[in-house]
>>> print(open('final_6.pdb').read())   # PDB, C-alpha atoms and all ligand atoms
ATOM      1  CA  GLN P   1     192.146  73.431 295.070
ATOM      2  CA  GLY P   2     188.789  74.963 294.253
ATOM      3  CA  SER P   3     188.579  73.464 290.749
ATOM      4  CA  ASP P   4     185.467  71.543 289.780
ATOM      5  CA  PRO P   5     186.437  67.856 289.559
ATOM      6  CA  PHE P   6     183.562  67.274 287.174
ATOM      7  CA  SER P   7     184.324  70.011 284.638
ATOM      8  CA  ARG P   8     186.306  67.560 282.462
ATOM      9  CA  ALA P   9     184.855  65.334 279.737
ATOM     10  CA  PRO P  10     182.812  62.455 281.136
ATOM     11  CA  PRO P  11     184.318  58.960 280.896
ATOM     12  CA  ALA P  12     183.955  57.310 277.500
ATOM     13  CA  THR P  13     184.072  53.699 278.728
ATOM     14  CA  LEU P  14     182.951  51.712 281.764
ATOM     15  CA  ALA P  15     186.603  50.910 282.471
ATOM     16  CA  GLU P  16     187.281  54.641 282.704
ATOM     17  CA  ILE P  17     184.474  54.944 285.255
ATOM     18  CA  ALA P  18     185.913  52.072 287.305
ATOM     19  CA  GLU P  19     189.322  53.773 287.300
ATOM     20  CA  GLY P  20     187.914  57.239 287.842
ATOM     21  CA  ILE P  21     185.909  56.404 290.950
ATOM     22  CA  VAL P  22     188.983  54.949 292.626
ATOM     23  CA  ALA P  23     190.704  58.311 292.345
ATOM     24  CA  CYS P  24     187.617  60.446 293.011
ATOM     25  CA  ARG P  25     187.980  62.814 295.970
ATOM     26  CA  ALA P  26     185.039  65.065 295.105
ATOM     27  CA  CYS P  27     183.292  64.423 298.424
ATOM     28  CA  PRO P  28     184.305  63.350 301.936
ATOM     29  CA  ILE P  29     183.247  59.740 301.338
ATOM     30  CA  GLY P  30     185.670  59.456 298.424
ATOM     31  CA  CYS P  31     188.380  60.729 300.737
ATOM     32  CA  ASN P  32     187.816  58.118 303.475
ATOM     33  CA  GLY P  33     190.261  55.572 302.091
ATOM     34  CA  THR P  34     187.777  52.779 301.349
ATOM     35  CA  ARG P  35     187.715  50.811 298.135
ATOM     36  CA  ALA P  36     185.466  52.233 295.403
ATOM     37  CA  VAL P  37     182.924  49.736 294.085
ATOM     38  CA  ALA P  38     182.077  49.938 290.385
ATOM     39  CA  GLY P  39     178.926  48.631 288.748
ATOM     40  CA  GLU P  40     178.967  45.119 287.340
ATOM     41  CA  GLY P  41     177.048  43.288 284.653
ATOM     42  CA  PRO P  42     176.665  43.555 280.893
ATOM     43  CA  ASP P  43     177.649  46.845 279.246
ATOM     44  CA  ASP P  44     174.423  46.759 277.226
ATOM     45  CA  ALA P  45     172.048  45.538 279.959
ATOM     46  CA  ARG P  46     168.388  46.286 279.430
ATOM     47  CA  LEU P  47     167.889  46.631 283.199
ATOM     48  CA  MET P  48     170.034  48.684 285.559
ATOM     49  CA  ILE P  49     169.597  48.132 289.295
ATOM     50  CA  VAL P  50     170.760  51.062 291.415
ATOM     51  CA  GLY P  51     171.409  50.782 295.157
ATOM     52  CA  GLU P  52     172.580  53.391 297.619
ATOM     53  CA  GLN P  53     176.251  52.692 298.287
ATOM     54  CA  PRO P  54     178.477  49.690 298.908
ATOM     55  CA  GLY P  55     178.208  48.239 302.397
ATOM     56  CA  ASP P  56     180.838  46.542 304.536
ATOM     57  CA  SER P  57     180.890  43.275 302.518
ATOM     58  CA  GLU P  58     180.805  45.083 299.188
ATOM     59  CA  GLU P  59     183.741  47.267 300.149
ATOM     60  CA  ARG P  60     185.743  44.195 301.181
ATOM     61  CA  GLU P  61     184.920  42.257 298.011
ATOM     62  CA  GLY P  62     184.844  45.188 295.611
ATOM     63  CA  ARG P  63     181.495  44.133 294.131
ATOM     64  CA  PRO P  64     177.979  45.567 294.545
ATOM     65  CA  PHE P  65     175.252  43.769 296.493
ATOM     66  CA  VAL P  66     177.226  40.755 297.706
ATOM     67  CA  GLY P  67     176.311  41.111 301.417
ATOM     68  CA  PRO P  68     173.047  40.602 303.344
ATOM     69  CA  ALA P  69     171.071  43.184 301.317
ATOM     70  CA  GLY P  70     172.335  41.529 298.143
ATOM     71  CA  ALA P  71     171.066  38.156 299.367
ATOM     72  CA  VAL P  72     167.565  39.651 299.845
ATOM     73  CA  LEU P  73     167.710  41.254 296.421
ATOM     74  CA  ASP P  74     168.890  38.043 294.743
ATOM     75  CA  HIS P  75     166.204  35.993 296.448
ATOM     76  CA  HIS P  76     163.386  38.210 295.183
ATOM     77  CA  LEU P  77     164.847  38.683 291.697
ATOM     78  CA  ASN P  78     164.997  34.903 291.436
ATOM     79  CA  ASP P  79     161.471  34.567 292.700
ATOM     80  CA  VAL P  80     160.034  36.812 289.979
ATOM     81  CA  GLY P  81     162.261  35.326 287.278
ATOM     82  CA  ILE P  82     164.728  38.190 286.739
ATOM     83  CA  ASP P  83     168.243  36.997 285.971
ATOM     84  CA  ARG P  84     170.630  39.216 287.915
ATOM     85  CA  SER P  85     173.538  38.289 285.660
ATOM     86  CA  ARG P  86     171.775  40.039 282.765
ATOM     87  CA  ALA P  87     171.311  43.269 284.713
ATOM     88  CA  ARG P  88     173.811  46.040 285.374
ATOM     89  CA  VAL P  89     174.033  46.336 289.164
ATOM     90  CA  THR P  90     175.441  49.567 290.523
ATOM     91  CA  ASN P  91     175.130  52.197 293.239
ATOM     92  CA  ALA P  92     174.300  55.883 293.542
ATOM     93  CA  VAL P  93     177.430  56.430 295.651
ATOM     94  CA  LYS P  94     180.612  54.535 294.898
ATOM     95  CA  HIS P  95     182.352  54.510 298.295
ATOM     96  CA  PHE P  96     181.200  53.119 301.659
ATOM     97  CA  LYS P  97     180.240  55.739 304.228
ATOM     98  CA  PHE P  98     180.455  54.400 307.764
ATOM     99  CA  GLU P  99     181.077  55.189 311.367
ATOM    100  CA  PRO P 100     183.692  53.024 313.113
ATOM    101  CA  ARG P 101     182.274  51.292 316.207
ATOM    102  CA  GLY P 102     184.914  49.071 317.771
ATOM    103  CA  LYS P 103     185.776  46.495 315.138
ATOM    104  CA  ARG P 104     182.563  47.147 313.225
ATOM    105  CA  ARG P 105     181.822  49.692 310.537
ATOM    106  CA  LEU P 106     178.269  50.988 310.828
ATOM    107  CA  HIS P 107     176.528  52.165 307.687
ATOM    108  CA  GLN P 108     175.827  55.881 307.452
ATOM    109  CA  SER P 109     173.496  57.335 304.855
ATOM    110  CA  PRO P 110     175.090  59.616 302.300
ATOM    111  CA  THR P 111     173.952  63.241 302.371
ATOM    112  CA  ALA P 112     171.975  64.724 299.495
ATOM    113  CA  GLY P 113     175.103  66.658 298.505
ATOM    114  CA  GLU P 114     177.225  63.511 298.405
ATOM    115  CA  ILE P 115     174.641  61.742 296.250
ATOM    116  CA  ASP P 116     174.488  64.758 293.938
ATOM    117  CA  HIS P 117     178.270  64.777 293.511
ATOM    118  CA  CYS P 118     178.456  61.070 292.768
ATOM    119  CA  ARG P 119     175.611  61.354 290.279
ATOM    120  CA  TRP P 120     178.119  62.458 287.662
ATOM    121  CA  TRP P 121     179.459  58.887 287.625
ATOM    122  CA  LEU P 122     176.038  57.247 287.560
ATOM    123  CA  ASP P 123     174.905  59.519 284.725
ATOM    124  CA  ALA P 124     178.016  58.530 282.757
ATOM    125  CA  GLU P 125     177.317  54.840 283.410
ATOM    126  CA  ARG P 126     173.704  55.224 282.263
ATOM    127  CA  ARG P 127     174.758  57.041 279.076
ATOM    128  CA  LEU P 128     177.145  54.200 278.230
ATOM    129  CA  VAL P 129     174.928  51.229 279.162
ATOM    130  CA  ARG P 130     171.683  52.872 277.993
ATOM    131  CA  PRO P 131     169.321  50.647 280.032
ATOM    132  CA  ASN P 132     165.708  50.770 279.054
ATOM    133  CA  LEU P 133     164.626  50.068 282.619
ATOM    134  CA  VAL P 134     166.100  51.378 285.834
ATOM    135  CA  LEU P 135     165.196  49.951 289.228
ATOM    136  CA  ALA P 136     165.999  52.353 292.058
ATOM    137  CA  LEU P 137     166.324  50.716 295.469
ATOM    138  CA  GLY P 138     165.504  53.272 298.143
ATOM    139  CA  ALA P 139     165.455  57.038 298.381
ATOM    140  CA  SER P 140     169.185  57.645 297.795
ATOM    141  CA  ALA P 141     169.063  55.784 294.493
ATOM    142  CA  GLY P 142     165.833  57.641 293.693
ATOM    143  CA  ARG P 143     167.560  60.966 294.312
ATOM    144  CA  ALA P 144     170.477  60.012 292.068
ATOM    145  CA  LEU P 145     168.038  59.358 289.244
ATOM    146  CA  LEU P 146     165.457  62.088 289.792
ATOM    147  CA  GLY P 147     167.577  64.911 291.203
ATOM    148  CA  ARG P 148     165.262  65.122 294.242
ATOM    149  CA  THR P 149     164.663  62.840 297.174
ATOM    150  CA  PRO P 150     161.465  60.897 296.478
ATOM    151  CA  SER P 151     159.059  59.500 299.023
ATOM    152  CA  ILE P 152     159.346  55.758 298.585
ATOM    153  CA  ALA P 153     156.038  55.247 300.414
ATOM    154  CA  LYS P 154     154.179  57.474 297.933
ATOM    155  CA  GLU P 155     156.083  56.877 294.716
ATOM    156  CA  ARG P 156     157.097  53.242 294.735
ATOM    157  CA  GLY P 157     155.739  50.686 292.314
ATOM    158  CA  THR P 158     154.794  53.008 289.444
ATOM    159  CA  LEU P 159     156.826  53.142 286.261
ATOM    160  CA  THR P 160     157.789  56.676 285.258
ATOM    161  CA  THR P 161     159.815  57.981 282.342
ATOM    162  CA  LEU P 162     163.178  59.673 282.792
ATOM    163  CA  PRO P 163     164.323  62.509 280.503
ATOM    164  CA  ASP P 164     166.434  60.096 278.421
ATOM    165  CA  GLY P 165     163.340  57.992 277.674
ATOM    166  CA  SER P 166     164.222  55.103 279.968
ATOM    167  CA  HIS P 167     161.709  53.881 282.517
ATOM    168  CA  LEU P 168     162.214  54.117 286.242
ATOM    169  CA  LEU P 169     160.695  51.976 288.954
ATOM    170  CA  LEU P 170     161.236  53.000 292.557
ATOM    171  CA  THR P 171     160.982  50.530 295.382
ATOM    172  CA  ALA P 172     162.245  50.030 298.930
ATOM    173  CA  HIS P 173     165.864  49.253 299.692
ATOM    174  CA  PRO P 174     166.396  45.583 300.622
ATOM    175  CA  SER P 175     168.211  46.688 303.825
ATOM    176  CA  TYR P 176     164.898  48.128 304.959
ATOM    177  CA  LEU P 177     163.363  44.633 304.761
ATOM    178  CA  LEU P 178     166.228  43.276 306.853
ATOM    179  CA  ARG P 179     165.343  45.668 309.664
ATOM    180  CA  LEU P 180     161.772  44.331 309.964
ATOM    181  CA  ASP P 181     160.436  41.207 311.670
ATOM    182  CA  GLY P 182     157.379  39.010 311.623
ATOM    183  CA  GLU P 183     154.285  40.217 309.839
ATOM    184  CA  ALA P 184     155.731  43.595 308.934
ATOM    185  CA  ARG P 185     158.624  41.867 307.226
ATOM    186  CA  ALA P 186     156.360  39.447 305.375
ATOM    187  CA  LYS P 187     154.164  42.303 304.174
ATOM    188  CA  GLU P 188     157.112  44.369 302.947
ATOM    189  CA  GLU P 189     158.712  41.359 301.280
ATOM    190  CA  GLN P 190     155.484  40.828 299.354
ATOM    191  CA  ARG P 191     155.378  44.493 298.291
ATOM    192  CA  PHE P 192     158.998  44.326 297.202
ATOM    193  CA  ARG P 193     158.300  41.199 295.171
ATOM    194  CA  ASP P 194     155.209  42.784 293.609
ATOM    195  CA  ASP P 195     157.288  45.797 292.545
ATOM    196  CA  LEU P 196     159.973  43.605 290.989
ATOM    197  CA  ALA P 197     157.347  41.431 289.323
ATOM    198  CA  GLN P 198     156.290  44.421 287.242
ATOM    199  CA  LEU P 199     159.716  44.484 285.641
ATOM    200  CA  ALA P 200     159.966  40.761 284.905
ATOM    201  CA  PRO P 201     157.954  40.764 281.635
ATOM    202  CA  LEU P 202     159.764  43.911 280.479
ATOM    203  CA  VAL P 203     163.242  42.429 280.805
ATOM    204  CA  ALA P 204     162.446  38.942 279.518
TER     205      ALA P 204
HETATM  206  N1  LIG F 301     173.433  48.313 299.742
HETATM  207  C1  LIG F 301     173.499  49.043 298.612
HETATM  208  O1  LIG F 301     172.769  49.999 298.437
HETATM  209  N2  LIG F 301     174.371  48.690 297.687
HETATM  210  C2  LIG F 301     175.190  47.662 297.798
HETATM  211  O2  LIG F 301     175.981  47.418 296.888
HETATM  212  C3  LIG F 301     175.099  46.907 298.984
HETATM  213  C4  LIG F 301     174.218  47.245 299.949
END
>>> encode(input="final_6.pdb", output="structure tokens")
Amino acid sequence: QGSDPFSRAPPATLAEIAEGIVACRACPIGCNGTRAVAGEGPDDARLMIVGEQPGDSEEREGRPFVGPAGAVLDHHLNDVGIDRSRARVTNAVKHFKFEPRGKRRLHQSPTAGEIDHCRWWLDAERRLVRPNLVLALGASAGRALLGRTPSIAKERGTLTTLPDGSHLLLTAHPSYLLRLDGEARAKEEQRFRDDLAQLAPLVA
């Protein structure tokens, strides 16, 4: 076709985003036949939580962060006193990118180009919800918000200001915690909790 799928007017409502991502074929992930997963939560949430992309469970249920990574996120949000139901929970990329392995679907990271394409939808969602605080989980979410891939190790845990005046906090992706064991896991869980704890008084 050659036409730019994003040259039209951006969606004016969150419902339009939810419909638009279903039909989006701007990148190979959108073309892979999986279910698109829209953000969920209040349309005027003060806090927006941005993940990377839906995983296997999220694609099946059609909701963000309902699988194992979501359980880790929920546990730590609870621990620091952040009510998930008051946050807008969404992803940088709206479709699940995976590699089939027998009956399983193994997560594959989106490329920088795929994140950059899908950013059009996230930008539209942010303009409509206008969160004051944005929590980016992992480097893909960081890229979708900053336009460059950040180093989570160097940049996590410090609030910065985005061009629209909202505040961004970068931290690790909860799936990263799930890949660790023992002391390393305990240490990273504590760091994750400390990062989230910074947001708690700001969203109360
Ligand atoms: N990981 C993500 O980044 N997002 C989800 O919705 C689920 C797992």
>>> axis_aligned_box(input="final_6.pdb", around="ligand LIG 301 (chain F)", padding_each_side="5 Å", output="lines of an AutoDock Vina configuration file")
center_x = 174.4
center_y = 48.5
center_z = 298.4
size_x = 13.2
size_y = 13.1
size_z = 13.1
>>> resolve_selection(input="final_6.pdb", expression="the PyMOL selection byres (((chain P and resi 77) around 12) and not hetatm)", output="PyMOL selection string")
chain P and resi 49+70-76+78-87+135+174+189+192-200+203
>>> residues_near_ligand(input="final_6.pdb", ligand="ligand LIG 301 (chain F)", cutoff="6 Å", atoms="all atoms listed in the file", output="PyMOL selection string")
chain P and resi 51-55+58+64-65+69+91
>>> atom_distance(input="final_6.pdb", atom1="atom CA of P:Arg179", atom2="atom CA of P:Val66")
17.6 Å
>>> resolve_selection(input="final_6.pdb", expression="the PyMOL selection byres (((chain P and resi 168) around 8) and not hetatm)", output="PyMOL selection string")
chain P and resi 133-136+159-162+166-167+169-170
>>> residues_around(input="final_6.pdb", residues="P:Lys97", least_positions_apart="3", cutoff="7 Å", atoms="all atoms listed in the file", output="PyMOL selection string")
chain P and resi 29+107-110
>>> atom_distance(input="final_6.pdb", atom1="atom CA of P:Gly138", atom2="atom CA of P:Thr90")
13.1 Å
>>> residues_around(input="final_6.pdb", residues="P:Pro28", least_positions_apart="3", cutoff="10 Å", atoms="all atoms listed in the file", output="list of chain:residue names")
P:Cys24, P:Arg25, P:Cys31, P:Asn32, P:Gly33, P:His95, P:Lys97, P:Pro110, P:Glu114
>>> resolve_selection(input="final_6.pdb", expression="the PyMOL selection byres (((chain P and resi 8-20) around 8) and not hetatm)", output="PyMOL selection string")
chain P and resi 5-7+21-24+37-39+43+121+124-125+128
>>> atom_distance(input="final_6.pdb", atom1="atom CA of P:Gly30", atom2="atom CA of P:Lys94")
7.9 Å
>>> residues_around(input="final_6.pdb", residues="P:Arg148", least_positions_apart="2", cutoff="12 Å", atoms="all atoms listed in the file", output="number ranges by chain")
P: 112-113, 115-116, 119, 139-146, 150-152
>>> closest_residue(input="final_6.pdb", among="P:Thr171, P:Thr34, P:Thr158, P:Asn132", to="P:Glu188", atoms="all atoms listed in the file")
P:Thr171
>>> decode(input="final_6.pdb", residues="stretch 135-156 of chain P", atoms="C-alpha atoms", output="PDB file, in the first residue's frame")
ATOM      1  CA  LEU P 135       5.392   4.340  35.550  1.00  0.00           C
ATOM      2  CA  ALA P 136       7.379   2.640  32.797  1.00  0.00           C
ATOM      3  CA  LEU P 137       8.094  -1.038  33.412  1.00  0.00           C
ATOM      4  CA  GLY P 138      11.247  -2.006  31.546  1.00  0.00           C
ATOM      5  CA  ALA P 139      13.183  -0.663  28.598  1.00  0.00           C
ATOM      6  CA  SER P 140      10.482  -1.149  25.936  1.00  0.00           C
ATOM      7  CA  ALA P 141       8.021   0.947  27.917  1.00  0.00           C
ATOM      8  CA  GLY P 142      10.826   3.451  28.540  1.00  0.00           C
ATOM      9  CA  ARG P 143      11.465   3.704  24.804  1.00  0.00           C
ATOM     10  CA  ALA P 144       7.774   4.264  24.083  1.00  0.00           C
ATOM     11  CA  LEU P 145       7.798   7.211  26.465  1.00  0.00           C
ATOM     12  CA  LEU P 146      11.228   8.705  25.826  1.00  0.00           C
ATOM     13  CA  GLY P 147      11.747   7.950  22.136  1.00  0.00           C
ATOM     14  CA  ARG P 148      15.054   6.212  22.963  1.00  0.00           C
ATOM     15  CA  THR P 149      15.888   2.985  24.710  1.00  0.00           C
ATOM     16  CA  PRO P 150      16.926   3.845  28.269  1.00  0.00           C
ATOM     17  CA  SER P 151      19.288   1.904  30.477  1.00  0.00           C
ATOM     18  CA  ILE P 152      17.090   0.662  33.287  1.00  0.00           C
ATOM     19  CA  ALA P 153      20.160  -0.011  35.448  1.00  0.00           C
ATOM     20  CA  LYS P 154      21.301   3.622  35.178  1.00  0.00           C
ATOM     21  CA  GLU P 155      18.018   5.491  34.928  1.00  0.00           C
ATOM     22  CA  ARG P 156      15.577   3.662  37.150  1.00  0.00           C
TER      23      ARG P 156
END
